[in-house]
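What's in coords-v2.txt: compact mmCIF, C-alpha atoms
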```
# COMPACT_ATOMS: atom_id res chain seq x y z
CA MET C 164 1.77 -5.67 -20.24
CA LEU C 165 -0.88 -7.86 -18.67
CA ASP C 166 -4.26 -6.10 -18.81
CA ILE C 167 -6.11 -7.42 -15.77
CA HIS C 168 -9.35 -5.63 -16.68
CA ASN C 169 -9.51 -7.19 -20.14
CA LEU C 170 -8.90 -10.56 -18.53
CA MET C 171 -11.69 -10.08 -15.99
CA THR C 172 -14.08 -8.89 -18.71
CA SER C 173 -13.41 -11.92 -20.90
CA LEU C 174 -13.57 -14.25 -17.89
CA ALA C 175 -16.98 -12.88 -16.91
CA LEU C 176 -18.34 -13.92 -20.31
CA ARG C 177 -17.47 -17.55 -19.47
CA ARG C 178 -17.95 -17.61 -15.70
CA ALA C 179 -20.27 -15.21 -13.91
CA LEU C 180 -19.31 -16.61 -10.51
CA PHE C 181 -17.28 -19.37 -8.90
CA HIS C 182 -17.73 -22.12 -6.35
CA SER C 183 -14.57 -21.20 -4.45
CA GLU C 184 -11.41 -19.13 -4.52
CA ALA C 185 -9.56 -22.13 -6.01
CA ASP C 186 -12.15 -22.28 -8.80
CA PHE C 187 -11.60 -18.55 -9.47
CA GLN C 188 -7.83 -19.05 -9.43
CA GLN C 189 -7.93 -21.87 -11.95
CA GLU C 190 -10.26 -20.07 -14.33
CA LEU C 191 -8.27 -16.82 -14.28
CA ALA C 192 -5.08 -18.79 -14.98
CA LEU C 193 -6.85 -20.37 -17.95
CA GLU C 194 -7.90 -16.93 -19.18
CA ILE C 195 -4.28 -15.75 -18.99
CA ARG C 196 -3.21 -18.80 -20.98
CA ARG C 197 -5.83 -18.03 -23.63
CA ALA C 198 -4.55 -14.44 -23.92
CA TRP C 199 -0.83 -15.29 -23.71
CA VAL C 200 -0.58 -18.63 -25.44
CA ASP C 201 3.15 -19.12 -24.84
CA CYS C 202 3.21 -17.76 -21.30
CA PRO C 203 4.06 -20.31 -18.59
CA ILE C 204 1.85 -20.13 -15.52
CA ARG C 205 2.41 -21.44 -12.00
CA LEU C 206 -0.18 -21.77 -9.25
CA GLU C 207 0.66 -21.50 -5.54
CA PHE C 208 4.21 -20.50 -6.47
CA PRO C 209 6.71 -20.20 -3.56
CA PRO C 210 9.23 -17.47 -4.43
CA PHE C 211 11.46 -18.39 -1.47
CA PRO C 212 11.19 -22.21 -1.16
CA ASP C 213 14.37 -22.45 0.92
CA ARG C 214 13.46 -19.59 3.23
CA ASP C 215 9.69 -19.55 3.68
CA LYS C 216 7.72 -22.44 2.26
CA ARG C 217 4.49 -20.98 3.65
CA MET C 218 4.70 -17.94 1.38
CA ALA C 219 3.17 -18.63 -2.02
CA PHE C 220 1.44 -16.55 -4.66
CA ASP C 221 -1.85 -17.66 -6.17
CA ILE C 222 -0.65 -17.13 -9.74
CA TRP C 223 2.91 -16.49 -10.90
CA LEU C 224 4.12 -15.88 -14.45
CA PRO C 225 7.74 -17.07 -14.68
CA GLY C 226 10.14 -15.20 -16.89
CA VAL C 227 8.33 -11.90 -16.47
CA ASP C 228 7.91 -12.55 -12.72
CA ILE C 229 4.36 -11.24 -12.38
CA PRO C 230 2.65 -12.22 -9.11
CA ILE C 231 -1.14 -12.20 -8.83
CA GLU C 232 -2.97 -12.57 -5.55
CA LEU C 233 -6.68 -13.39 -5.52
CA LYS C 234 -9.46 -13.07 -2.99
CA TYR C 235 -13.03 -14.35 -3.44
CA PHE C 236 -15.31 -13.09 -0.67
CA ILE C 237 -18.96 -14.03 -0.89
CA ARG C 238 -22.41 -13.46 0.55
CA LYS C 239 -24.99 -16.22 0.40
CA TYR C 240 -26.16 -17.09 -3.10
CA ASP C 241 -28.27 -20.01 -4.30
CA GLY C 242 -29.13 -20.37 -7.94
CA THR C 243 -28.46 -21.93 -11.30
CA VAL C 244 -26.23 -20.11 -13.76
CA ALA C 245 -25.66 -21.40 -17.30
CA GLY C 246 -27.11 -24.73 -16.23
CA GLU C 247 -24.77 -25.09 -13.25
CA ARG C 248 -26.01 -25.10 -9.66
CA PHE C 249 -24.32 -22.79 -7.17
CA SER C 250 -24.81 -22.75 -3.41
CA LEU C 251 -22.52 -20.18 -1.83
CA ALA C 252 -22.52 -19.69 1.93
CA ASN C 253 -22.07 -16.43 3.79
CA GLN C 254 -18.51 -15.60 4.77
CA ALA C 255 -18.18 -13.63 7.98
CA ALA C 256 -15.46 -11.31 9.30
CA ARG C 257 -15.35 -8.48 6.81
CA ASP C 258 -12.60 -6.90 8.92
CA HIS C 259 -10.36 -9.87 8.18
CA LYS C 260 -11.28 -9.77 4.51
CA ARG C 261 -10.21 -6.16 4.22
CA TYR C 262 -7.00 -6.69 6.13
CA ASP C 263 -6.06 -9.77 4.07
CA PHE C 264 -6.59 -7.96 0.77
CA LEU C 265 -4.42 -5.05 1.86
CA ARG C 266 -1.80 -7.50 3.07
CA ASP C 267 -1.78 -9.01 -0.43
CA ILE C 268 -0.84 -5.60 -1.83
CA GLN C 269 1.91 -5.29 0.75
CA ARG C 270 3.28 -8.75 -0.09
CA ILE C 271 3.39 -7.93 -3.81
CA GLU C 272 5.23 -4.68 -3.08
CA ASP C 273 7.74 -6.68 -1.04
CA ILE C 274 8.30 -9.26 -3.77
CA ALA C 275 8.63 -6.58 -6.44
CA ALA C 276 11.40 -5.00 -4.40
CA TYR C 277 13.19 -8.35 -4.18
CA TYR C 278 12.71 -9.49 -7.78
CA GLU C 279 14.19 -6.65 -9.78
CA SER C 280 12.82 -8.25 -12.95
CA ALA C 281 9.23 -8.05 -11.70
CA TYR C 282 7.64 -5.17 -13.56
CA CYS C 283 4.23 -5.29 -11.91
CA GLY C 284 1.84 -7.41 -9.92
CA PHE C 285 -1.88 -7.50 -9.19
CA ALA C 286 -4.11 -7.95 -6.16
CA VAL C 287 -7.65 -8.86 -7.21
CA LEU C 288 -10.75 -9.16 -5.03
CA LEU C 289 -14.05 -10.49 -6.41
CA THR C 290 -17.18 -10.29 -4.26
CA ASN C 291 -20.96 -10.00 -4.16
CA ASP C 292 -20.87 -8.24 -0.77
CA PRO C 293 -21.72 -4.54 -1.24
CA LEU C 294 -20.49 -3.69 2.25
CA LEU C 295 -16.96 -4.09 0.91
CA TRP C 296 -17.28 -1.55 -1.90
CA GLU C 297 -19.77 0.86 -0.30
CA ARG C 298 -18.83 3.43 2.32
CA ARG C 299 -21.58 2.69 4.80
CA GLU C 300 -20.13 1.69 8.16
CA PRO C 301 -19.39 4.19 10.93
CA ALA C 302 -15.87 5.55 11.20
CA ASP C 303 -15.38 4.19 14.73
CA VAL C 304 -15.34 0.47 13.82
CA VAL C 305 -12.20 -1.44 14.78
CA ASP C 306 -11.06 -1.88 11.15
CA ALA C 307 -11.83 1.65 9.87
CA GLU C 308 -8.28 2.14 8.57
CA PHE C 309 -8.53 -1.07 6.51
CA HIS C 310 -11.71 -0.15 4.64
CA ILE C 311 -11.52 -0.61 0.88
CA TYR C 312 -14.63 1.23 -0.33
CA ASP C 313 -14.81 2.61 -3.86
CA GLY C 314 -12.77 5.78 -4.38
CA ARG C 315 -10.68 5.51 -1.23
CA ARG C 316 -6.98 6.37 -1.39
CA ILE C 317 -4.75 4.05 0.62
CA GLY C 318 -1.03 3.99 1.36
CA ASP C 319 -0.58 7.57 2.51
CA SER C 320 0.07 6.30 6.05
CA ASN C 321 0.33 3.02 7.95
CA MET C 322 -2.98 1.30 8.62
CA HIS C 323 -3.72 -0.09 12.11
CA TRP C 324 -6.48 -1.74 14.07
CA SER C 325 -8.23 0.64 16.43
CA ASN C 326 -7.31 0.50 20.10
CA SER C 327 -10.60 -1.25 20.86
CA ALA C 328 -9.85 -4.24 18.60
CA SER C 329 -9.69 -7.45 20.62
CA ASP C 330 -6.77 -9.85 20.64
CA GLY C 331 -9.00 -12.42 18.96
CA THR C 332 -9.80 -10.04 16.13
CA LYS C 333 -6.11 -9.28 15.57
CA ARG C 334 -4.83 -12.84 15.92
CA SER C 335 -2.39 -13.61 13.07
CA ARG C 336 -3.06 -10.10 11.77
CA GLU C 337 -1.38 -8.02 14.44
CA GLU C 338 1.05 -6.06 12.26
CA PRO C 339 -0.02 -2.77 10.66
CA ILE C 340 -0.29 -2.61 6.89
CA SER C 341 2.52 -0.48 5.51
CA LEU C 342 2.53 0.32 1.79
CA SER C 343 5.35 2.03 -0.04
CA ARG C 344 3.02 3.60 -2.61
CA SER C 345 -0.45 5.08 -2.59
CA TYR C 346 -3.38 3.65 -4.56
CA VAL C 347 -6.89 4.81 -5.39
CA LEU C 348 -9.35 1.93 -5.10
CA ASN C 349 -11.63 1.73 -8.13
CA TRP C 350 -14.27 -1.02 -8.13
CA ARG C 351 -15.67 -2.37 -11.41
CA ASN C 352 -18.72 -4.41 -12.30
CA TYR C 353 -18.12 -8.09 -12.98
CA SER C 354 -21.50 -9.82 -13.39
CA ALA C 355 -25.17 -9.35 -12.50
CA LEU C 356 -27.30 -12.42 -11.83
CA GLY C 357 -30.48 -10.67 -10.74
CA GLU C 358 -31.95 -7.86 -8.68
CA LYS C 359 -31.73 -9.43 -5.24
CA ARG C 360 -29.04 -8.58 -2.72
CA GLY C 361 -25.98 -10.75 -3.22
CA GLU C 362 -26.60 -11.35 -6.95
CA ARG C 363 -24.30 -8.60 -8.22
CA PHE C 364 -20.58 -9.25 -8.38
CA ARG C 365 -17.93 -6.53 -8.52
CA TYR C 366 -14.17 -6.68 -8.42
CA LEU C 367 -11.31 -4.55 -7.20
CA ALA C 368 -7.99 -4.90 -9.01
CA VAL C 369 -4.96 -3.03 -7.72
CA SER C 370 -1.94 -2.84 -10.01
CA ILE C 371 1.33 -2.72 -8.08
CA PRO C 372 3.99 -1.04 -10.23
CA PRO C 373 7.67 -1.99 -10.38
CA VAL C 374 10.23 -0.63 -7.97
CA LYS C 375 12.37 0.21 -10.99
CA GLU C 376 11.14 0.59 -14.53
CA LYS C 377 12.35 -2.24 -16.74
CA THR C 378 14.50 -1.26 -19.68
CA PRO C 379 13.31 -2.48 -23.12
```

Take the structure from the file and write it as structure tokens.
Amino acid sequence: MLDIHNLMTSLALRRALFHSEADFQQELALEIRRAWVDCPIRLEFPPFPDRDKRMAFDIWLPGVDIPIELKYFIRKYDGTVAGERFSLANQAARDHKRYDFLRDIQRIEDIAAYYESAYCGFAVLLTNDPLLWERREPADVVDAEFHIYDGRRIGDSNMHWSNSASDGTKRSREEPISLSRSYVLNWRNYSALGEKRGERFRYLAVSIPPVKEKTP
């Protein structure tokens, strides 16, 4: 069984933060290779190349068919860490960030149902934006049903945009998020670079179980 929390803990010892989502993807794949020496790893793997070339998973472990989807959402940070300069710009649209992470969970559920050999998958979000893990915004915002604050249970019902969400907000994200299982969202600390806002990184890792338990 792949232990995503052990991987993130060991990764944090090497890399406290990343320049981009691709940087995060590459370094997590390397951490998996260090833990599972003989495990093949594929990046941007298309499970249905003949049907949908646009659909690809960030990390895929062939043989065991484990998909991993990653998101790296950042607030502004400028500093030097372990002798390396980082200049991270603010990313806007938290509503889209939340929706896209939940859609990752939905996609992994869908692929687990198709690949009977897939025994689990993971959706991982790493961020220094506390507004993603804290329950602080009013309940009447357009993306209230997509919030992913610490301790929230999701999947008990379909998640929709509110009726006041504009067409521009929903563009390419019109469909509700429908999950076949429920999950409790538990955020964990990743790294702390200082006391200022935006210098603390936390991650949310959701483990998507198999549709059917694999036999030994």

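The smallest atom-to-atom distance between C:Gln254 and any of C:Asn326, C:Ser183, C:Gln188, C:Asn321, using only C-alpha atoms, is found for C:Ser183.
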
Can you list, as a PyMOL selection string, every protein, DNA or RNA residue that comes within 8 Å of stretch 327-333 of chain C when you count all atoms listed in the file, leaving out same-chain residues fewer than 6 positions away? chain C and resi 259+305-306

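The shortest atom-to-atom distance to C:Asn349, with only C-alpha atoms taken into account, belongs to C:Ser370 out of C:Thr243, C:Ser370, C:Ser320, C:Ser250.
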
Find the nearest atom pair between each residue of stretch 219-318 of chain C and stretch 350-354 of chain C for residues within 9 Å, count only C-alpha atoms, give distances in Å to one decimal, sort rows by chain and ascending number, and present the table as a Markdown table.
```
| residue | atom | partner | partner_atom | distance |
| --- | --- | --- | --- | --- |
| C:Leu289 | CA | C:Tyr353 | CA | 8.1 |
| C:Trp296 | CA | C:Trp350 | CA | 6.9 |
| C:Tyr312 | CA | C:Trp350 | CA | 8.1 |
| C:Asp313 | CA | C:Trp350 | CA | 5.6 |
| C:Gly314 | CA | C:Trp350 | CA | 7.9 |
```

Given the choices C:Asp292, C:Glu308, C:Glu207, C:Asp221, which gets closest to C:Tyr240 if the distance is worked out from all atoms listed in the file?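 Looking at the shortest contact to C:Tyr240, the residue is C:Asp292.
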
Compare C:Leu206, C:Ile311, C:Leu294, C:Ile317 by their minimum atom-to-atom distance to C:Leu342, counting all atoms listed in the file, and give me the closest one.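 With all atoms listed in the file as the atom set, the closest residue is C:Ile317.
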
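With all atoms listed in the file as the atoms that count, the residue of C:Lys234, C:Arg257, C:His323, C:Arg299 with the shortest distance to C:Phe181 is C:Lys234.
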
One number please: atom CA of C:Arg238 to atom CA of C:Lys260, in Å, one decimal.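 Computing the Euclidean distance for atom CA of C:Arg238 and atom CA of C:Lys260 yields 12.4 Å.
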
Quick check, in Å to one decimal: how far apart do atom CA of C:Ile271 and atom CA of C:Pro230 lie? 6.9 Å

Sphere at (-32.2, -13.9, -10.9), radius 10 Å, counting all atoms listed in the file: residues as a tab-separated table (two decimals) with C-alpha atoms, in the coordinates of the input:
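Output file out-v8.tsv follows:
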```tsv
chain	number	residue	atom	x	y	z
C	241	ASP	CA	-28.27	-20.01	-4.30
C	242	GLY	CA	-29.13	-20.37	-7.94
C	243	THR	CA	-28.46	-21.93	-11.30
C	244	VAL	CA	-26.23	-20.11	-13.76
C	355	ALA	CA	-25.17	-9.35	-12.50
C	356	LEU	CA	-27.30	-12.42	-11.83
C	357	GLY	CA	-30.48	-10.67	-10.74
C	358	GLU	CA	-31.95	-7.86	-8.68
C	359	LYS	CA	-31.73	-9.43	-5.24
C	362	GLU	CA	-26.60	-11.35	-6.95
C	363	ARG	CA	-24.30	-8.60	-8.22
```

Compile the contact shell of C:His182 as number ranges by chain: residues with an atom at most 9 Å away, counting only C-alpha atoms, same-chain residues fewer than 2 positions apart removed. C: 180, 184-187, 249-251

Counting all atoms listed in the file, the residue among C:Phe364, C:Asn169, C:Tyr278, C:Arg197 that lies closest to C:Asp228 is C:Tyr278

Who sits within 10 Å of C:Ile340, only C-alpha atoms, same chain under 2 positions skipped, as a PDB file with C-alpha atoms, keeping the file's coordinate frame:
```pdb
ATOM      1  CA  TYR C 262      -7.000  -6.690   6.130  1.00  0.00           C
ATOM      2  CA  ASP C 263      -6.060  -9.770   4.070  1.00  0.00           C
ATOM      3  CA  LEU C 265      -4.420  -5.050   1.860  1.00  0.00           C
ATOM      4  CA  ARG C 266      -1.800  -7.500   3.070  1.00  0.00           C
ATOM      5  CA  ASP C 267      -1.780  -9.010  -0.430  1.00  0.00           C
ATOM      6  CA  ILE C 268      -0.840  -5.600  -1.830  1.00  0.00           C
ATOM      7  CA  GLN C 269       1.910  -5.290   0.750  1.00  0.00           C
ATOM      8  CA  ARG C 270       3.280  -8.750  -0.090  1.00  0.00           C
ATOM      9  CA  GLU C 308      -8.280   2.140   8.570  1.00  0.00           C
ATOM     10  CA  PHE C 309      -8.530  -1.070   6.510  1.00  0.00           C
ATOM     11  CA  GLY C 318      -1.030   3.990   1.360  1.00  0.00           C
ATOM     12  CA  SER C 320       0.070   6.300   6.050  1.00  0.00           C
ATOM     13  CA  ASN C 321       0.330   3.020   7.950  1.00  0.00           C
ATOM     14  CA  MET C 322      -2.980   1.300   8.620  1.00  0.00           C
ATOM     15  CA  HIS C 323      -3.720  -0.090  12.110  1.00  0.00           C
ATOM     16  CA  TRP C 324      -6.480  -1.740  14.070  1.00  0.00           C
ATOM     17  CA  ARG C 336      -3.060 -10.100  11.770  1.00  0.00           C
ATOM     18  CA  GLU C 337      -1.380  -8.020  14.440  1.00  0.00           C
ATOM     19  CA  GLU C 338       1.050  -6.060  12.260  1.00  0.00           C
ATOM     20  CA  LEU C 342       2.530   0.320   1.790  1.00  0.00           C
TER      21      LEU C 342
END
```

Separation of atom CA of C:Phe211 from atom CA of C:Ile167 in Å: 25.2 Å

Protein/DNA/RNA residues near (-12.7, -13.8, -19.9), cut 10 Å, all atoms listed in the file, as a PyMOL selection string: chain C and resi 168-179+190-191+193-195+197-198
